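Undergrad: Dropping the structure in here first, questions after.
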Amino acid sequence: MNDPKNPLDWVAKAEEDFAVAHSTLRRKEPLTSISCFHSQQCAEKYLKGILVARNRTFPKVHDLIKLLNLCEKVGVLVPIDEDALDALTKFAVVTRYPGNAPSIEQAKEALVTAKALRKFARKFLGLK
């Protein structure tokens with residue numbers, strides 16, 4: 001990331017995560033843990049990009065609900081289901097260790113949530 005104060009740099013990193021999350025599910029044998037992790041990272045970086053665009057700081061957290069609440073405090077109402085974001089938050093850590101592999105259905109749901117947040121954030125930031 002070139003400049004953490006530039007929302008477009010957050011977007012660039014989020015887009016990398018989105019591409020990885022999407023492509024790892026399209027494999028002959030989907031990589032669900034990796035896809036879920038990158039879906040979470042995509043959502044996290046887009047929320048942080050929104051906060052940066054509003055000139056707000058945020059703690060170093062992976063908790064999407066905390067980031068969502070910070071967005072709300074600066075007047076940005078993100079129309080994403082909190083339960084879906086909470087489920088996505090868990091993938092920031094649990095997918096990185098053995099014994100917690102998400103199902104293909106969970107991975108697809110994670111990508112749907114990330115995609116919805118991505119769509120909102122890009123529109124909010126004036127991007128196509």
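Residues are referred to by chain and number: the chain letter is A, B, ... according to the order shown in the structure tokens, the number counts from 1 in that chain, and ligands are numbered separately from 1 in the order shown.
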Please provide the set of residues having any atom within 9 Å of region 91-106 of chain A, restricted to only C-alpha atoms, with same-chain residues fewer than 5 positions apart removed, written as a tab-separated table (two decimals) with N, CA and C atoms, in the first residue's frame.
TA:
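Contents of result.tsv, freshly written:
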chain	number	residue	atom	x	y	z
A	25	LEU	N	-12.31	-19.84	-5.67
A	25	LEU	CA	-13.54	-20.64	-5.67
A	25	LEU	C	-13.83	-21.24	-7.04
A	30	PRO	N	-12.03	-26.12	-5.12
A	30	PRO	CA	-12.02	-24.77	-4.52
A	30	PRO	C	-11.22	-24.71	-3.22
A	31	LEU	N	-10.55	-23.60	-3.04
A	31	LEU	CA	-9.78	-23.34	-1.82
A	31	LEU	C	-10.62	-22.46	-0.91
A	32	THR	N	-11.48	-23.10	-0.15
A	32	THR	CA	-12.47	-22.36	0.63
A	32	THR	C	-11.86	-21.51	1.74
A	33	SER	N	-10.85	-22.01	2.41
A	33	SER	CA	-10.24	-21.21	3.49
A	33	SER	C	-9.63	-19.93	2.95
A	34	ILE	N	-8.89	-20.06	1.86
A	34	ILE	CA	-8.24	-18.89	1.26
A	34	ILE	C	-9.29	-17.92	0.74
A	36	CYS	N	-12.41	-17.50	1.77
A	36	CYS	CA	-13.08	-16.84	2.90
A	36	CYS	C	-12.19	-15.77	3.53
A	37	PHE	N	-10.92	-16.09	3.70
A	37	PHE	CA	-9.98	-15.12	4.27
A	37	PHE	C	-9.93	-13.86	3.41
A	38	HIS	N	-9.81	-14.04	2.10
A	38	HIS	CA	-9.69	-12.88	1.22
A	38	HIS	C	-11.02	-12.14	1.05
A	39	SER	N	-12.14	-12.84	1.17
A	39	SER	CA	-13.44	-12.16	1.18
A	39	SER	C	-13.51	-11.22	2.38
A	40	GLN	N	-13.07	-11.71	3.54
A	40	GLN	CA	-13.06	-10.88	4.75
A	40	GLN	C	-12.13	-9.69	4.56
A	41	GLN	N	-10.95	-9.95	4.01
A	41	GLN	CA	-9.99	-8.88	3.82
A	41	GLN	C	-10.50	-7.82	2.85
A	62	HIS	N	-9.76	-6.43	12.78
A	62	HIS	CA	-10.35	-7.18	11.68
A	62	HIS	C	-11.86	-7.28	11.85
A	63	ASP	N	-12.37	-6.72	12.93
A	63	ASP	CA	-13.78	-6.83	13.27
A	63	ASP	C	-14.62	-5.92	12.37
A	111	LEU	N	-18.24	-14.68	-0.14
A	111	LEU	CA	-17.97	-13.91	-1.35
A	111	LEU	C	-19.15	-13.02	-1.71
Undergrad: Which residues are near region 118-128 of chain A? Cut-off 9 Å, only C-alpha atoms, ignore same chain within fewer than 3 positions. Put them as JSON, numbers by chain.
TA: {"A": [7, 8, 11, 14, 15, 18, 42, 43, 46, 47, 49, 50, 53, 76, 78, 79, 80, 113, 114, 115]}
Undergrad: Could you save the residues just selected, with N, CA and C atoms, as a compact mmCIF listing (two decimals), in the first residue's frame?
TA:
# COMPACT_ATOMS: atom_id res chain seq x y z
N PRO A 7 -7.79 6.74 0.08
CA PRO A 7 -8.81 5.69 -0.03
C PRO A 7 -8.62 4.81 -1.26
N LEU A 8 -8.07 5.37 -2.34
CA LEU A 8 -7.88 4.56 -3.55
C LEU A 8 -6.81 3.49 -3.37
N VAL A 11 -8.69 0.74 -1.84
CA VAL A 11 -9.48 0.10 -2.90
C VAL A 11 -8.60 -0.88 -3.69
N ALA A 14 -8.08 -3.91 -1.67
CA ALA A 14 -9.34 -4.65 -1.56
C ALA A 14 -9.64 -5.40 -2.85
N GLU A 15 -9.33 -4.78 -3.97
CA GLU A 15 -9.56 -5.43 -5.26
C GLU A 15 -8.67 -6.66 -5.45
N PHE A 18 -10.37 -9.30 -3.48
CA PHE A 18 -11.58 -9.76 -4.16
C PHE A 18 -11.23 -10.71 -5.30
N CYS A 42 -11.18 -8.25 1.80
CA CYS A 42 -11.78 -7.32 0.85
C CYS A 42 -12.77 -6.39 1.56
N ALA A 43 -13.66 -6.98 2.33
CA ALA A 43 -14.66 -6.19 3.05
C ALA A 43 -13.99 -5.24 4.04
N TYR A 46 -12.34 -2.30 2.21
CA TYR A 46 -13.31 -1.35 1.69
C TYR A 46 -13.90 -0.49 2.81
N LEU A 47 -14.20 -1.09 3.95
CA LEU A 47 -14.70 -0.30 5.08
C LEU A 47 -13.66 0.72 5.54
N GLY A 49 -11.34 1.97 3.67
CA GLY A 49 -11.25 2.98 2.61
C GLY A 49 -12.34 4.03 2.76
N ILE A 50 -13.53 3.60 3.13
CA ILE A 50 -14.62 4.54 3.38
C ILE A 50 -14.25 5.48 4.53
N ALA A 53 -11.73 7.96 3.44
CA ALA A 53 -12.37 8.99 2.61
C ALA A 53 -13.08 10.04 3.44
N VAL A 76 -22.11 7.27 7.43
CA VAL A 76 -22.18 6.35 6.29
C VAL A 76 -22.92 5.10 6.74
N VAL A 78 -23.97 1.68 5.83
CA VAL A 78 -23.64 0.60 4.90
C VAL A 78 -24.76 -0.43 4.94
N PRO A 79 -25.43 -0.65 3.81
CA PRO A 79 -26.61 -1.53 3.79
C PRO A 79 -26.26 -3.02 3.67
N ILE A 80 -25.48 -3.50 4.63
CA ILE A 80 -25.08 -4.90 4.65
C ILE A 80 -25.55 -5.50 5.96
N THR A 113 -21.25 -11.66 0.39
CA THR A 113 -21.21 -10.54 1.34
C THR A 113 -20.13 -9.54 0.94
N ALA A 114 -18.94 -10.05 0.62
CA ALA A 114 -17.85 -9.16 0.20
C ALA A 114 -18.23 -8.40 -1.07
N LYS A 115 -18.89 -9.10 -1.99
CA LYS A 115 -19.29 -8.47 -3.25
C LYS A 115 -20.31 -7.36 -3.01
Undergrad: From the list A:Lys5, A:Ala12, A:Val61, A:Arg26, which residue is nearest Ala107 (chain A) when using only C-alpha atoms?
TA: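 For Ala107 (chain A), the nearest of the given residues is A:Arg26.
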Undergrad: If you run DSSP on the backbone, which residues of chain A are helix (DSSP H, G or I), as number ranges by chain?
TA: A: 7-25, 32-53, 64-73, 82-90, 94-96, 104-124
